[in-house]
Amino acid sequence: MLSRTAADLYWMSRYLERAENLARMLDVSYSLSLMPQDDRGNGLDELAMPLLITGTLEDYLQRHGELHAERMLHFFALDASNPASLFNCLAAARSNAHAVRGRITADMWENINATWLALLDLAEQGLSGYGISRFCEWVKERSHLFRGATYSTLMRGDVYSFILLGTFIERADNTLRLLDARYELLGADSEDPNDRSARAYYQWSALLRALSAFEAFAEIYRGSPRAGKVAELLLLRAEVPRSLRACLTELQHTLADLPGDNGRPAQRLAAELEARLRYTAIEEVLETGMHAWITEYIEQVQQLGDAIHKCYLEVA
Amino acid sequence: MDRQSFDEMYDANGVCRPHYRGFANWLENTSQEVLAQRRREADLLFHRAGITFTLYGDAQGTERLIPFDTIPRSIPASEWRGIEAGCIQRVQALNLFLADIYHDQRILKAGIIPPEQVLSNSGYQQVMHGLDLHRDIYAHIAGVDLVRDGDGTFYVLEDNLRTPSGVSYMLEDRKMMMRLFPELFAAQRIAPIDHYPNLLLEALKSSSPLDNPSVVVLTPGRYNSAYFEHAFLAREMGVELVEGADLFVRDERVFMRTTAGARPVDVIYRRLDDAFLDPLAFNPESVLGVPGLLSAYRRGSVVLANAIGTGVADDKSIYPYVTDMIRFYLGEEPILQNVPTWQCRKPQDLSHVLAHLPELVVKETQGSGGYGMLVGPAATKAEIEAFRERLKARPEAYIAQPTLSLSTCPTFVENGIAPRHIDLRPFVLSGRETRLVPGGLTRVALREGSLVVNSSQGGGTKDTWVVED
């Protein structure tokens, strides 16, 4: 396949996955901002979380000066002038899809194009008019539909592989960042892996729900969510589709199956990362310190992304 | 020429023509609501499928739908056979002409066309001189624009031998009609056209001496107005859609950059003008092309479809000679007629044109897309006078033709159904043989009385039927 085509496919799926993740991020923060906040202010800090995680808080403050619920939501979700907004992620995903529309199935293209056209209408209408939770649900639903169309209509081959690579690199990064941010926010509370305070309970539940992993947690641990178990689930459990481990397993298999020798550096790195996770226990993570451990993995996932770029997407 | 328009559906007495009867019956028995609902459905489907084009000069690059009209343009099969034979004859002669002027120039030596008309034409590419092409084919894909005048005769308005576009609309319009009104296709025998991409791929493959050449479609990119069509054809043929940056030349061979390394390319169906193909040989500013492509082409290691330098043959100043080419190369009488044309470079023609501007259509010899032309009867006095000055300043850049009374076809307009002017562009493929699918692209001028059918000027399209009669 053309390297440019592969790059467009890879970025199409990355941006779409990112849009879905932004919606998940927004969902968890919005629902937590509605909770009683004790002495912790009026929920604005919570609404600022998605901006903090995506590194766009500074940009927001420069433009709007203060934390303001509606402005933050708009800036994050629908603001066309914010390059990192959900709106622009979907725009980029659709633009990449447009460039490779000859390589994806008509079902996939029509799906993503319809999403884009509906988003334009929605942006006109405004977020508060539509409802924030409903908007998050809508984005997730559109993303699910696209993935479903991909899964059930696209030939298994290089096109499918590069879509998987984009999806799982982005998802791995996102799971790490979401967990990290929640862990940081809980501050001292989280240092005790057996923290059972009500606040921590709600925080961890919201995170699990945002990652669609609440049911998995309940089934595996049969108890209320605690920092250590949540971290184990989201980092190390192979059977949870949004966990770091699951993402790396997918990346490793997908890379291993790609034809040609030029991908060796990326294949090797993915295999190393996957093997390290496979033989890591949560106790070791906690011993290193959650933040330090996650920071290192965010770095590693980024390096894997770079390796994929060098090996496949910009071949001379 | 007869100024009364020929209506495709009804004869002069308002009686439905035989090949339209099936459709007319159906139209009568289908409620207005159903028709309106289907038209909305068509708009929605086209939008969702992203079957759009981009207008040049529109800063936002807004994607627009080409308006699609649900009343088909229908041609009886017996009449089609004449059009088909005429198009094949014409394109064969044009290919022979191109091979001739880039080799022996017999037609110039015979005095049939003044040599300076060809050799100093900006479409004439010196680099093509003496280069042998496989099967001597230059225009692998040609679009022949036909109009029907008041007396019912088809005339060739122009030939498109560079990168004719619109074939994707021909195919999508048919798909849409079959999706919206399957009952129409069950009731009568309408010749199928869906195999066009197949014929195109065969023509492209047979343009290379290799057994199983690797074919690509070269596009200027996703911001080009016809990008949809480039992607469409690549997908339908199952070949790569490449941009200039995806290709490179090493040791006078063209390769594409792929995820598994460099892969050779044998045939390039290019949708890029000559000037942009190779920044080393033509426009050095071009970032769309492939450096070194021309050297590979000259060496014969890659086929370009269409060839470089076909523009000289579809230039409007050469157009008046096409009927002579047919006689000269094929020894046959032309099946399809040219529109009578005044060449403004000739003093006596120019004075006639200047004296009759309000009645004539004046076109730039190099123009396309309906830009830079004067439609006398539709122009204001001021527009005519402004055009007169331009014409006098550079007469050699213009030709003039009588205003044809393009035939009309009933079309859905804001308040019901009304006749609108149409043309027809069949697509002629040349490879092992010269052939075309039955029909072509019918464009319709949606504004009342307008004769300009180009999509960039607000034209729409119709499905084109060749009906067994």
# chains A, B, ... in the order shown; residues from 1 in each chain; ligands from 1

$ interface_residues --of "chain B" --to "chain A" --cutoff "9 Å" --atoms "only C-alpha atoms" --output "ChimeraX atom specification"
/B:47-50,221-222,227-228,230-236,238,240-243,245-246,256-262

$ select_by_dssp --residues "stretch 43-258 of chain B" --states "alpha helix (DSSP H)" --output "MDAnalysis selection string"
chainID B and resid 43:49 77:101 106:109 115:119 167:180 182:187 196:206 227:237

$ closest_residue --among "B:Asp69, B:Glu252, B:Glu229, B:Glu158" --to "B:Arg40" --atoms "only C-alpha atoms"
B:Asp69

$ closest_residue --among "B:Arg135, B:His356, B:Lys109, B:His421" --to "B:Pro402" --atoms "only C-alpha atoms"
B:His356

$ residues_around --residues "A:Ala238" --least-positions-apart "5" --cutoff "10 Å" --atoms "only C-alpha atoms" --output "list in words"
Leu233, Ser243, Leu244, Arg245, Ala246, Cys247, Leu248, Thr249, Leu277 and Arg278 of chain A

$ residues_around --residues "B:Arg420" --least-positions-apart "4" --cutoff "9 Å" --atoms "only C-alpha atoms" --output "VMD selection string"
chain B and resid 407 to 411 444 to 451

$ residues_around --residues "B:Glu364" --least-positions-apart "6" --cutoff "7 Å" --atoms "only C-alpha atoms" --output "PDB file with N, CA, C and O atoms, in the first residue's frame"
ATOM      1  N   GLY B 372     -14.639  32.440 -19.988  1.00  0.00           N
ATOM      2  CA  GLY B 372     -14.100  33.280 -21.042  1.00  0.00           C
ATOM      3  C   GLY B 372     -14.778  33.126 -22.383  1.00  0.00           C
ATOM      4  O   GLY B 372     -14.129  33.175 -23.411  1.00  0.00           O
ATOM      5  N   MET B 373     -16.097  32.906 -22.397  1.00  0.00           N
ATOM      6  CA  MET B 373     -16.791  32.846 -23.681  1.00  0.00           C
ATOM      7  C   MET B 373     -17.920  33.860 -23.721  1.00  0.00           C
ATOM      8  O   MET B 373     -18.386  34.350 -22.691  1.00  0.00           O
ATOM      9  N   ALA B 397      -6.911  34.269 -30.933  1.00  0.00           N
ATOM     10  CA  ALA B 397      -7.237  33.479 -29.749  1.00  0.00           C
ATOM     11  C   ALA B 397      -8.706  33.068 -29.722  1.00  0.00           C
ATOM     12  O   ALA B 397      -9.157  32.455 -28.758  1.00  0.00           O
ATOM     13  N   TYR B 398      -9.468  33.399 -30.763  1.00  0.00           N
ATOM     14  CA  TYR B 398     -10.911  33.146 -30.695  1.00  0.00           C
ATOM     15  C   TYR B 398     -11.457  32.445 -31.941  1.00  0.00           C
ATOM     16  O   TYR B 398     -10.909  32.577 -33.027  1.00  0.00           O
ATOM     17  N   ILE B 399     -12.516  31.700 -31.725  1.00  0.00           N
ATOM     18  CA  ILE B 399     -13.325  31.193 -32.828  1.00  0.00           C
ATOM     19  C   ILE B 399     -14.770  31.590 -32.539  1.00  0.00           C
ATOM     20  O   ILE B 399     -15.117  31.916 -31.394  1.00  0.00           O
TER      21      ILE B 399
END

$ atom_distance --atom1 "atom CA of A:Leu179" --atom2 "atom CA of A:Phe162"
26.0 Å

$ closest_residue --among "A:Leu51, A:Ala266, A:Leu207, A:Ile220" --to "A:Leu32" --atoms "only C-alpha atoms"
A:Leu207

$ closest_residue --among "B:Arg179, B:Arg253, B:Lys392, B:Arg148" --to "B:Thr442" --atoms "only C-alpha atoms"
B:Arg148

$ residues_around --residues "B:Arg17" --least-positions-apart "5" --cutoff "12 Å" --atoms "only C-alpha atoms" --output "MDAnalysis selection string"
chainID B and resid 6:12 22:25 74:76 409 469

$ residues_around --residues "A:Ala80" --least-positions-apart "6" --cutoff "10 Å" --atoms "only C-alpha atoms" --output "MDAnalysis selection string"
chainID A and resid 74 86:89 91 123

$ closest_residue --among "A:Ala307, A:Ser224, A:Gln203, A:Val301" --to "A:Glu184" --atoms "only C-alpha atoms"
A:Gln203

$ atom_distance --atom1 "atom CA of B:Leu391" --atom2 "atom CA of B:Val452"
20.5 Å

$ closest_residue --among "B:Tyr124, B:Phe68, B:Phe248, B:Tyr329" --to "B:Arg106" --atoms "only C-alpha atoms"
B:Tyr329

$ atom_distance --atom1 "atom CA of B:Leu336" --atom2 "atom CA of B:Ser317"
18.4 Å

$ decode --residues "stretch 146-182 of chain A" --atoms "N, CA, C and O atoms" --output "mmCIF file, in the first residue's frame"
data_model
loop_
_atom_site.group_PDB
_atom_site.id
_atom_site.type_symbol
_atom_site.label_atom_id
_atom_site.label_comp_id
_atom_site.auth_asym_id
_atom_site.auth_seq_id
_atom_site.Cartn_x
_atom_site.Cartn_y
_atom_site.Cartn_z
ATOM 1 N N PHE A 146 -18.864 3.326 13.213
ATOM 2 C CA PHE A 146 -17.779 3.280 12.236
ATOM 3 C C PHE A 146 -16.937 2.030 12.437
ATOM 4 O O PHE A 146 -16.576 1.339 11.493
ATOM 5 N N ARG A 147 -16.635 1.743 13.708
ATOM 6 C CA ARG A 147 -15.818 0.562 13.985
ATOM 7 C C ARG A 147 -16.566 -0.698 13.560
ATOM 8 O O ARG A 147 -15.980 -1.641 13.022
ATOM 9 N N GLY A 148 -17.875 -0.695 13.794
ATOM 10 C CA GLY A 148 -18.684 -1.846 13.390
ATOM 11 C C GLY A 148 -18.658 -2.031 11.884
ATOM 12 O O GLY A 148 -18.498 -3.142 11.372
ATOM 13 N N ALA A 149 -18.796 -0.915 11.167
ATOM 14 C CA ALA A 149 -18.754 -0.983 9.701
ATOM 15 C C ALA A 149 -17.381 -1.482 9.253
ATOM 16 O O ALA A 149 -17.271 -2.287 8.328
ATOM 17 N N THR A 150 -16.350 -1.019 9.928
ATOM 18 C CA THR A 150 -14.993 -1.451 9.587
ATOM 19 C C THR A 150 -14.839 -2.945 9.830
ATOM 20 O O THR A 150 -14.386 -3.694 8.963
ATOM 21 N N TYR A 151 -15.263 -3.351 11.013
ATOM 22 C CA TYR A 151 -15.111 -4.753 11.398
ATOM 23 C C TYR A 151 -15.861 -5.678 10.450
ATOM 24 O O TYR A 151 -15.355 -6.738 10.074
ATOM 25 N N SER A 152 -17.044 -5.263 10.046
ATOM 26 C CA SER A 152 -17.846 -6.231 9.292
ATOM 27 C C SER A 152 -17.855 -6.005 7.785
ATOM 28 O O SER A 152 -18.467 -6.779 7.061
ATOM 29 N N THR A 153 -17.213 -4.943 7.289
ATOM 30 C CA THR A 153 -17.223 -4.791 5.820
ATOM 31 C C THR A 153 -15.833 -4.706 5.196
ATOM 32 O O THR A 153 -15.703 -4.871 3.990
ATOM 33 N N LEU A 154 -14.818 -4.427 5.987
ATOM 34 C CA LEU A 154 -13.509 -4.166 5.373
ATOM 35 C C LEU A 154 -12.689 -5.440 5.231
ATOM 36 O O LEU A 154 -12.595 -6.240 6.163
ATOM 37 N N MET A 155 -12.112 -5.586 4.042
ATOM 38 C CA MET A 155 -11.259 -6.742 3.798
ATOM 39 C C MET A 155 -10.096 -6.755 4.791
ATOM 40 O O MET A 155 -9.523 -5.713 5.102
ATOM 41 N N ARG A 156 -9.758 -7.950 5.280
ATOM 42 C CA ARG A 156 -8.606 -8.035 6.179
ATOM 43 C C ARG A 156 -7.340 -7.959 5.348
ATOM 44 O O ARG A 156 -7.096 -8.801 4.483
ATOM 45 N N GLY A 157 -6.573 -6.928 5.572
ATOM 46 C CA GLY A 157 -5.357 -6.704 4.785
ATOM 47 C C GLY A 157 -4.658 -5.484 5.348
ATOM 48 O O GLY A 157 -4.908 -5.095 6.484
ATOM 49 N N ASP A 158 -3.807 -4.881 4.533
ATOM 50 C CA ASP A 158 -3.031 -3.732 5.013
ATOM 51 C C ASP A 158 -3.908 -2.573 5.480
ATOM 52 O O ASP A 158 -3.606 -1.918 6.469
ATOM 53 N N VAL A 159 -4.983 -2.318 4.737
ATOM 54 C CA VAL A 159 -5.845 -1.192 5.111
ATOM 55 C C VAL A 159 -6.361 -1.401 6.533
ATOM 56 O O VAL A 159 -6.289 -0.515 7.382
ATOM 57 N N TYR A 160 -6.861 -2.594 6.778
ATOM 58 C CA TYR A 160 -7.383 -2.930 8.103
ATOM 59 C C TYR A 160 -6.286 -2.792 9.149
ATOM 60 O O TYR A 160 -6.493 -2.244 10.236
ATOM 61 N N SER A 161 -5.090 -3.260 8.826
ATOM 62 C CA SER A 161 -3.984 -3.227 9.785
ATOM 63 C C SER A 161 -3.641 -1.807 10.211
ATOM 64 O O SER A 161 -3.455 -1.528 11.397
ATOM 65 N N PHE A 162 -3.554 -0.895 9.240
ATOM 66 C CA PHE A 162 -3.158 0.465 9.623
ATOM 67 C C PHE A 162 -4.263 1.184 10.388
ATOM 68 O O PHE A 162 -3.990 2.064 11.205
ATOM 69 N N ILE A 163 -5.498 0.784 10.138
ATOM 70 C CA ILE A 163 -6.591 1.333 10.946
ATOM 71 C C ILE A 163 -6.448 0.852 12.390
ATOM 72 O O ILE A 163 -6.594 1.626 13.338
ATOM 73 N N LEU A 164 -6.115 -0.426 12.558
ATOM 74 C CA LEU A 164 -5.922 -0.957 13.912
ATOM 75 C C LEU A 164 -4.764 -0.246 14.615
ATOM 76 O O LEU A 164 -4.865 0.129 15.784
ATOM 77 N N LEU A 165 -3.679 -0.066 13.895
ATOM 78 C CA LEU A 165 -2.514 0.575 14.518
ATOM 79 C C LEU A 165 -2.874 1.962 15.047
ATOM 80 O O LEU A 165 -2.545 2.305 16.187
ATOM 81 N N GLY A 166 -3.540 2.755 14.216
ATOM 82 C CA GLY A 166 -3.927 4.100 14.654
ATOM 83 C C GLY A 166 -4.834 4.048 15.866
ATOM 84 O O GLY A 166 -4.666 4.793 16.835
ATOM 85 N N THR A 167 -5.812 3.148 15.816
ATOM 86 C CA THR A 167 -6.770 3.038 16.907
ATOM 87 C C THR A 167 -6.073 2.711 18.224
ATOM 88 O O THR A 167 -6.317 3.354 19.249
ATOM 89 N N PHE A 168 -5.195 1.718 18.209
ATOM 90 C CA PHE A 168 -4.666 1.232 19.488
ATOM 91 C C PHE A 168 -3.527 2.088 20.027
ATOM 92 O O PHE A 168 -3.351 2.168 21.237
ATOM 93 N N ILE A 169 -2.765 2.737 19.150
ATOM 94 C CA ILE A 169 -1.774 3.697 19.659
ATOM 95 C C ILE A 169 -2.502 4.814 20.400
ATOM 96 O O ILE A 169 -2.147 5.201 21.512
ATOM 97 N N GLU A 170 -3.550 5.320 19.779
ATOM 98 C CA GLU A 170 -4.289 6.421 20.380
ATOM 99 C C GLU A 170 -4.968 5.980 21.670
ATOM 100 O O GLU A 170 -4.951 6.688 22.665
ATOM 101 N N ARG A 171 -5.521 4.795 21.647
ATOM 102 C CA ARG A 171 -6.263 4.332 22.820
ATOM 103 C C ARG A 171 -5.311 4.074 23.984
ATOM 104 O O ARG A 171 -5.626 4.403 25.136
ATOM 105 N N ALA A 172 -4.163 3.493 23.700
ATOM 106 C CA ALA A 172 -3.188 3.222 24.763
ATOM 107 C C ALA A 172 -2.790 4.527 25.437
ATOM 108 O O ALA A 172 -2.794 4.641 26.669
ATOM 109 N N ASP A 173 -2.483 5.508 24.623
ATOM 110 C CA ASP A 173 -2.093 6.813 25.141
ATOM 111 C C ASP A 173 -3.202 7.402 26.008
ATOM 112 O O ASP A 173 -2.964 7.910 27.101
ATOM 113 N N ASN A 174 -4.420 7.299 25.520
ATOM 114 C CA ASN A 174 -5.544 7.892 26.226
ATOM 115 C C ASN A 174 -5.807 7.212 27.574
ATOM 116 O O ASN A 174 -6.048 7.871 28.575
ATOM 117 N N THR A 175 -5.781 5.894 27.586
ATOM 118 C CA THR A 175 -6.027 5.179 28.843
ATOM 119 C C THR A 175 -4.977 5.585 29.882
ATOM 120 O O THR A 175 -5.304 5.848 31.052
ATOM 121 N N LEU A 176 -3.738 5.680 29.447
ATOM 122 C CA LEU A 176 -2.669 6.080 30.367
ATOM 123 C C LEU A 176 -2.920 7.484 30.922
ATOM 124 O O LEU A 176 -2.821 7.722 32.131
ATOM 125 N N ARG A 177 -3.275 8.395 30.043
ATOM 126 C CA ARG A 177 -3.460 9.782 30.498
ATOM 127 C C ARG A 177 -4.661 9.933 31.413
ATOM 128 O O ARG A 177 -4.613 10.672 32.394
ATOM 129 N N LEU A 178 -5.733 9.238 31.100
ATOM 130 C CA LEU A 178 -6.927 9.349 31.938
ATOM 131 C C LEU A 178 -6.648 8.808 33.329
ATOM 132 O O LEU A 178 -7.030 9.400 34.336
ATOM 133 N N LEU A 179 -5.996 7.672 33.390
ATOM 134 C CA LEU A 179 -5.694 7.058 34.683
ATOM 135 C C LEU A 179 -4.754 7.964 35.485
ATOM 136 O O LEU A 179 -4.957 8.219 36.672
ATOM 137 N N ASP A 180 -3.756 8.470 34.804
ATOM 138 C CA ASP A 180 -2.772 9.343 35.442
ATOM 139 C C ASP A 180 -3.441 10.566 36.049
ATOM 140 O O ASP A 180 -3.211 10.911 37.215
ATOM 141 N N ALA A 181 -4.305 11.203 35.271
ATOM 142 C CA ALA A 181 -4.938 12.430 35.735
ATOM 143 C C ALA A 181 -5.815 12.168 36.956
ATOM 144 O O ALA A 181 -5.799 12.918 37.931
ATOM 145 N N ARG A 182 -6.568 11.090 36.907
ATOM 146 C CA ARG A 182 -7.456 10.759 38.023
ATOM 147 C C ARG A 182 -6.620 10.455 39.267
ATOM 148 O O ARG A 182 -6.939 10.869 40.371
#
